[in-house]
$ cat start04.pdb   # PDB, C-alpha atoms
ATOM      1  CA  MET A   1       0.000   0.000   0.000
ATOM      2  CA  GLY A   2       2.940   2.312   0.587
ATOM      3  CA  GLN A   3       3.654   2.830  -3.104
ATOM      4  CA  VAL A   4       1.188   4.696  -5.256
ATOM      5  CA  GLN A   5       1.992   2.542  -8.261
ATOM      6  CA  GLY A   6       1.876  -0.742  -6.345
ATOM      7  CA  GLY A   7      -1.674  -1.615  -7.405
ATOM      8  CA  GLU A   8      -0.919  -1.253 -11.082
ATOM      9  CA  GLU A   9       0.903  -4.559 -11.558
ATOM     10  CA  ASP A  10      -2.312  -6.399 -12.355
ATOM     11  CA  SER A  11      -3.017  -3.852 -15.120
ATOM     12  CA  GLU A  12       0.150  -4.609 -17.075
ATOM     13  CA  VAL A  13      -0.323  -5.812 -20.616
ATOM     14  CA  GLY A  14       1.258  -9.136 -21.525
ATOM     15  CA  ILE A  15       2.134 -10.488 -24.978
ATOM     16  CA  SER A  16      -1.111 -12.470 -25.261
ATOM     17  CA  GLN A  17      -3.106  -9.354 -24.352
ATOM     18  CA  ILE A  18      -1.240  -7.293 -26.955
ATOM     19  CA  GLN A  19      -2.046  -9.953 -29.558
ATOM     20  CA  GLU A  20      -5.707  -9.814 -28.530
ATOM     21  CA  LEU A  21      -5.637  -6.008 -28.637
ATOM     22  CA  TYR A  22      -4.101  -6.077 -32.097
ATOM     23  CA  LYS A  23      -6.812  -8.461 -33.291
ATOM     24  CA  LYS A  24      -9.521  -6.178 -31.878
ATOM     25  CA  PHE A  25      -7.774  -3.098 -33.258
ATOM     26  CA  ALA A  26      -7.572  -4.718 -36.712
ATOM     27  CA  ASP A  27     -11.246  -5.778 -36.545
ATOM     28  CA  GLU A  28     -12.346  -2.312 -35.450
ATOM     29  CA  CYS A  29      -9.914  -0.417 -37.720
ATOM     30  CA  PRO A  30      -9.292  -2.517 -40.847
ATOM     31  CA  SER A  31      -7.377   0.390 -42.383
ATOM     32  CA  GLY A  32      -4.871   0.125 -39.515
ATOM     33  CA  LYS A  33      -5.718   3.672 -38.489
ATOM     34  CA  LEU A  34      -8.132   4.930 -35.867
ATOM     35  CA  HIS A  35      -9.744   8.209 -36.903
ATOM     36  CA  LEU A  36     -11.092  10.852 -34.548
ATOM     37  CA  HIS A  37     -14.757  10.028 -35.224
ATOM     38  CA  GLU A  38     -14.100   6.327 -34.468
ATOM     39  CA  PHE A  39     -12.177   7.261 -31.325
ATOM     40  CA  LYS A  40     -15.078   9.409 -30.142
ATOM     41  CA  ARG A  41     -17.569   6.653 -30.930
ATOM     42  CA  ILE A  42     -15.556   4.181 -28.826
ATOM     43  CA  PHE A  43     -15.793   6.567 -25.856
ATOM     44  CA  GLY A  44     -19.509   7.144 -26.405
ATOM     45  CA  ILE A  45     -19.211  10.709 -27.713
ATOM     46  CA  THR A  46     -22.158  11.361 -30.024
ATOM     47  CA  SER A  47     -23.972  14.319 -31.547
ATOM     48  CA  ASP A  48     -25.838  14.539 -28.221
ATOM     49  CA  SER A  49     -22.574  15.028 -26.286
ATOM     50  CA  THR A  50     -21.609  18.466 -25.047
ATOM     51  CA  THR A  51     -19.078  20.679 -26.784
ATOM     52  CA  GLU A  52     -16.775  20.279 -23.757
ATOM     53  CA  GLU A  53     -16.906  16.473 -23.937
ATOM     54  CA  SER A  54     -16.143  16.540 -27.630
ATOM     55  CA  ALA A  55     -13.269  19.016 -27.148
ATOM     56  CA  TYR A  56     -11.852  16.869 -24.349
ATOM     57  CA  MET A  57     -11.825  13.834 -26.634
ATOM     58  CA  ASP A  58     -10.137  15.949 -29.328
ATOM     59  CA  ASN A  59      -7.333  16.725 -26.834
ATOM     60  CA  LEU A  60      -7.080  13.097 -25.732
ATOM     61  CA  PHE A  61      -6.900  11.932 -29.345
ATOM     62  CA  ARG A  62      -4.187  14.489 -30.166
ATOM     63  CA  SER A  63      -2.147  13.357 -27.173
ATOM     64  CA  PHE A  64      -2.081   9.817 -28.609
ATOM     65  CA  ASP A  65      -1.465  10.955 -32.195
ATOM     66  CA  THR A  66       2.276  11.478 -31.741
ATOM     67  CA  ASN A  67       3.113  11.920 -35.432
ATOM     68  CA  ASN A  68       0.260  14.427 -35.959
ATOM     69  CA  ASP A  69      -1.247  12.633 -38.962
ATOM     70  CA  ASN A  70      -4.799  12.884 -37.519
ATOM     71  CA  THR A  71      -5.011   9.133 -36.949
ATOM     72  CA  ILE A  72      -3.881   6.711 -34.272
ATOM     73  CA  ASP A  73      -2.068   3.705 -35.689
ATOM     74  CA  PHE A  74      -1.404   0.530 -33.745
ATOM     75  CA  MET A  75       2.072   1.630 -32.637
ATOM     76  CA  GLU A  76       0.660   4.871 -31.228
ATOM     77  CA  TYR A  77      -2.080   2.834 -29.568
ATOM     78  CA  VAL A  78       0.485   0.513 -27.961
ATOM     79  CA  ALA A  79       2.590   3.515 -26.881
ATOM     80  CA  ALA A  80      -0.517   5.007 -25.248
ATOM     81  CA  LEU A  81      -1.216   1.686 -23.525
ATOM     82  CA  HIS A  82       2.338   1.564 -22.272
ATOM     83  CA  LEU A  83       2.085   5.064 -20.836
ATOM     84  CA  VAL A  84      -1.307   4.513 -19.247
ATOM     85  CA  LEU A  85      -0.618   1.027 -17.885
ATOM     86  CA  ARG A  86       3.124   0.847 -17.287
ATOM     87  CA  GLY A  87       4.439   4.382 -17.387
ATOM     88  CA  ARG A  88       5.907   6.120 -14.377
ATOM     89  CA  LEU A  89       3.372   7.977 -12.273
ATOM     90  CA  GLU A  90       4.996  11.347 -12.963
ATOM     91  CA  ASP A  91       4.905  10.740 -16.738
ATOM     92  CA  LYS A  92       1.215   9.825 -16.509
ATOM     93  CA  LEU A  93       0.485  12.987 -14.545
ATOM     94  CA  ARG A  94       2.395  15.172 -17.003
ATOM     95  CA  TRP A  95       0.479  13.579 -19.872
ATOM     96  CA  SER A  96      -2.832  14.087 -18.032
ATOM     97  CA  PHE A  97      -1.997  17.744 -17.435
ATOM     98  CA  LYS A  98      -1.303  18.205 -21.160
ATOM     99  CA  VAL A  99      -4.660  16.637 -22.019
ATOM    100  CA  TYR A 100      -6.529  18.743 -19.439
ATOM    101  CA  ASP A 101      -4.868  22.033 -20.443
ATOM    102  CA  ARG A 102      -7.302  22.779 -23.268
ATOM    103  CA  ASP A 103      -5.987  26.246 -24.073
ATOM    104  CA  GLY A 104      -2.341  25.129 -23.850
ATOM    105  CA  ASN A 105      -1.275  27.973 -21.528
ATOM    106  CA  GLY A 106       0.518  25.675 -19.062
ATOM    107  CA  ARG A 107      -2.009  26.282 -16.276
ATOM    108  CA  LEU A 108      -5.349  24.791 -15.271
ATOM    109  CA  ASP A 109      -7.942  27.264 -14.076
ATOM    110  CA  LYS A 110     -11.066  26.358 -12.103
ATOM    111  CA  HIS A 111     -13.230  26.319 -15.229
ATOM    112  CA  GLU A 112     -10.928  23.775 -16.944
ATOM    113  CA  VAL A 113     -10.754  21.592 -13.821
ATOM    114  CA  LYS A 114     -14.528  21.722 -13.312
ATOM    115  CA  GLN A 115     -15.149  20.782 -16.952
ATOM    116  CA  LEU A 116     -12.696  17.904 -16.851
ATOM    117  CA  ILE A 117     -14.252  16.568 -13.636
ATOM    118  CA  LYS A 118     -17.688  16.620 -15.274
ATOM    119  CA  ILE A 119     -16.308  14.803 -18.303
ATOM    120  CA  ILE A 120     -14.378  12.250 -16.245
ATOM    121  CA  TYR A 121     -17.535  11.520 -14.269
ATOM    122  CA  LYS A 122     -19.578  11.048 -17.409
ATOM    123  CA  LEU A 123     -16.955   8.723 -18.885
ATOM    124  CA  ARG A 124     -16.668   6.830 -15.599
ATOM    125  CA  ARG A 125     -20.409   6.459 -15.054
ATOM    126  CA  HIS A 126     -19.971   2.873 -13.901
ATOM    127  CA  ASP A 127     -17.957   4.077 -10.877
ATOM    128  CA  ARG A 128     -20.488   6.668  -9.697
ATOM    129  CA  GLN A 129     -22.562   4.273  -7.610
ATOM    130  CA  GLN A 130     -19.462   3.477  -5.541
ATOM    131  CA  ASP A 131     -18.806   7.120  -4.558
ATOM    132  CA  PRO A 132     -19.800   7.355  -0.891
ATOM    133  CA  GLU A 133     -19.483  11.160  -0.722
ATOM    134  CA  LYS A 134     -21.406  11.972  -3.906
ATOM    135  CA  LEU A 135     -19.840  15.428  -4.173
ATOM    136  CA  THR A 136     -20.790  17.684  -7.055
ATOM    137  CA  PRO A 137     -18.134  18.638  -9.637
ATOM    138  CA  ASP A 138     -18.111  22.161  -8.128
ATOM    139  CA  GLN A 139     -17.412  20.780  -4.643
ATOM    140  CA  ILE A 140     -14.700  18.477  -5.956
ATOM    141  CA  CYS A 141     -13.064  21.317  -7.891
ATOM    142  CA  ASP A 142     -13.092  23.584  -4.832
ATOM    143  CA  ARG A 143     -11.578  20.861  -2.659
ATOM    144  CA  ILE A 144      -8.848  20.103  -5.223
ATOM    145  CA  PHE A 145      -7.856  23.776  -5.323
ATOM    146  CA  GLU A 146      -7.873  23.981  -1.501
ATOM    147  CA  LEU A 147      -5.548  20.984  -1.334
ATOM    148  CA  ILE A 148      -3.047  21.655  -4.125
ATOM    149  CA  ASP A 149      -3.171  25.320  -5.240
ATOM    150  CA  GLU A 150      -0.044  26.190  -3.235
ATOM    151  CA  ASN A 151       0.088  29.905  -4.083
ATOM    152  CA  ASN A 152      -3.733  30.392  -4.037
ATOM    153  CA  ASP A 153      -3.760  32.077  -7.448
ATOM    154  CA  GLY A 154      -6.790  30.130  -8.685
ATOM    155  CA  GLN A 155      -4.684  28.219 -11.222
ATOM    156  CA  LEU A 156      -2.766  24.960 -11.075
ATOM    157  CA  SER A 157       0.704  24.869 -12.567
ATOM    158  CA  LEU A 158       2.158  21.617 -13.855
ATOM    159  CA  GLN A 159       4.273  21.390 -10.699
ATOM    160  CA  GLU A 160       1.299  21.939  -8.370
ATOM    161  CA  PHE A 161      -0.724  19.403 -10.342
ATOM    162  CA  VAL A 162       1.971  16.701 -10.318
ATOM    163  CA  GLU A 163       3.068  17.203  -6.710
ATOM    164  CA  GLY A 164      -0.491  17.589  -5.406
ATOM    165  CA  ALA A 165      -1.734  14.447  -7.112
ATOM    166  CA  GLN A 166       1.277  12.471  -5.861
ATOM    167  CA  LYS A 167       0.770  13.650  -2.271
ATOM    168  CA  ASP A 168      -2.984  13.195  -2.004
ATOM    169  CA  LYS A 169      -4.690   9.931  -2.944
ATOM    170  CA  TRP A 170      -8.142  11.551  -3.083
ATOM    171  CA  VAL A 171      -6.920  14.222  -5.534
ATOM    172  CA  MET A 172      -5.288  11.518  -7.641
ATOM    173  CA  GLU A 173      -8.546   9.595  -7.791
ATOM    174  CA  GLN A 174     -10.548  12.673  -8.816
ATOM    175  CA  LEU A 175      -8.146  13.591 -11.613
ATOM    176  CA  ARG A 176      -7.633  10.066 -12.928
ATOM    177  CA  LEU A 177      -9.342   9.165 -16.137
ATOM    178  CA  ASP A 178      -9.754   5.403 -16.181
ATOM    179  CA  LEU A 179      -9.233   4.841 -19.864
ATOM    180  CA  ARG A 180      -9.437   1.085 -19.495
ATOM    181  CA  PRO A 181      -7.493   0.842 -22.767
ATOM    182  CA  THR A 182      -7.636  -2.929 -22.901
ATOM    183  CA  GLY A 183     -11.405  -2.579 -22.794
ATOM    184  CA  TRP A 184     -11.708  -0.014 -25.581
ATOM    185  CA  PHE A 185     -12.035  -2.547 -28.322
ATOM    186  CA  ILE A 186     -12.942  -5.609 -26.284
ATOM    187  CA  ASP A 187     -16.004  -3.908 -24.756
ATOM    188  CA  HIS A 188     -16.935  -2.217 -28.019
ATOM    189  CA  GLN A 189     -16.573  -5.466 -29.939
ATOM    190  CA  ALA A 190     -18.712  -7.312 -27.386
ATOM    191  CA  LYS A 191     -21.487  -4.717 -27.733
ATOM    192  CA  ASN A 192     -21.450  -4.890 -31.522
ATOM    193  CA  SER A 193     -21.074  -8.669 -31.879
ATOM    194  CA  PRO A 194     -24.180 -10.759 -32.510
ATOM    195  CA  THR A 195     -25.153 -12.733 -29.421
ATOM    196  CA  LYS A 196     -24.012 -16.335 -29.625
ATOM    197  CA  SER A 197     -26.496 -18.973 -28.501
TER     198      SER A 197
END
$ encode --input "start04.pdb" --output "structure tokens"
Amino acid sequence: MGQVQGGEEDSEVGISQIQELYKKFADECPSGKLHLHEFKRIFGITSDSTTEESAYMDNLFRSFDTNNDNTIDFMEYVAALHLVLRGRLEDKLRWSFKVYDRDGNGRLDKHEVKQLIKIIYKLRRHDRQQDPEKLTPDQICDRIFELIDENNDGQLSLQEFVEGAQKDKWVMEQLRLDLRPTGWFIDHQAKNSPTKS
């Protein structure tokens, strides 16, 4: 329990899982490329989704598209899996900060944090029943700023974000987007496969 990363060992991706992921990736993306609209569909972003949710997914997609060709190929997908599942905690936090910083100014203001909390909660709907406190996004945002905004300027720098999340397990949990990457295609495939009798 002492190490923050200790519980992540069971999330590591083995060779057989990578083979299964490749098979699902190839089934889902026969062209070998995942486009933004497919990426959004996998995460349940539709025409009914809010502008903020759509913009968040745009940022997430761009963070995985390392060669900036507006697609995610299998190597980029595996690199993203490696970061999310096996990467060092600090690298994951830096990546998260980049995704959350929608305007790219190197700081997160309360509006950005509140929006990302709302989006994270929508994407993690399945976890909501297990939240004993049932705080609103506004309450969570206020508490995060109370805990980690060291200079009380109403903005979180990368350093405040990384250090605050590492120090406080509750903050880490609120800011963590459970991408469940191994489930992206497995879950989606299961939903779209005809039921076998």
$ residues_around --input "start04.pdb" --residues "A:Val162" --least-positions-apart "4" --cutoff "7 Å" --atoms "only C-alpha atoms" --output "number ranges by chain"
A: 90, 93-94, 158, 166
$ resolve_selection --input "start04.pdb" --expression "the PyMOL selection byres ((chain A and resi 39-41) around 9)" --output "PyMOL selection string"
chain A and resi 34-38+42-46+54+57-58+61+72
$ residues_around --input "start04.pdb" --residues "A:Thr66" --least-positions-apart "6" --cutoff "10 Å" --atoms "all atoms listed in the file" --output "PyMOL selection string"
chain A and resi 72-73+75-77+79-80
$ axis_aligned_box --input "start04.pdb" --around "stretch 163-179 of chain A" --padding-each-side "8 Å" --output "JSON"
{"center_x": -3.7, "center_y": 11.2, "center_z": -10.9, "size_x": 29.6, "size_y": 28.7, "size_z": 33.9}
$ resolve_selection --input "start04.pdb" --expression "the PyMOL selection byres ((chain A and resi 137) around 7)" --output "list in words"
Lys114, Ile117, Lys118, Leu135, Thr136, Asp138, Gln139, Ile140 and Cys141 of chain A
$ residues_near_point --input "start04.pdb" --point "(-5.6, 29.8, -12.1)" --cutoff "12 Å" --atoms "only C-alpha atoms" --output "MDAnalysis selection string"
chainID A and resid 101 105:113 145 148:158 160:161
$ atom_distance --input "start04.pdb" --atom1 "atom CA of A:Ala26" --atom2 "atom CA of A:Phe64"
17.5 Å
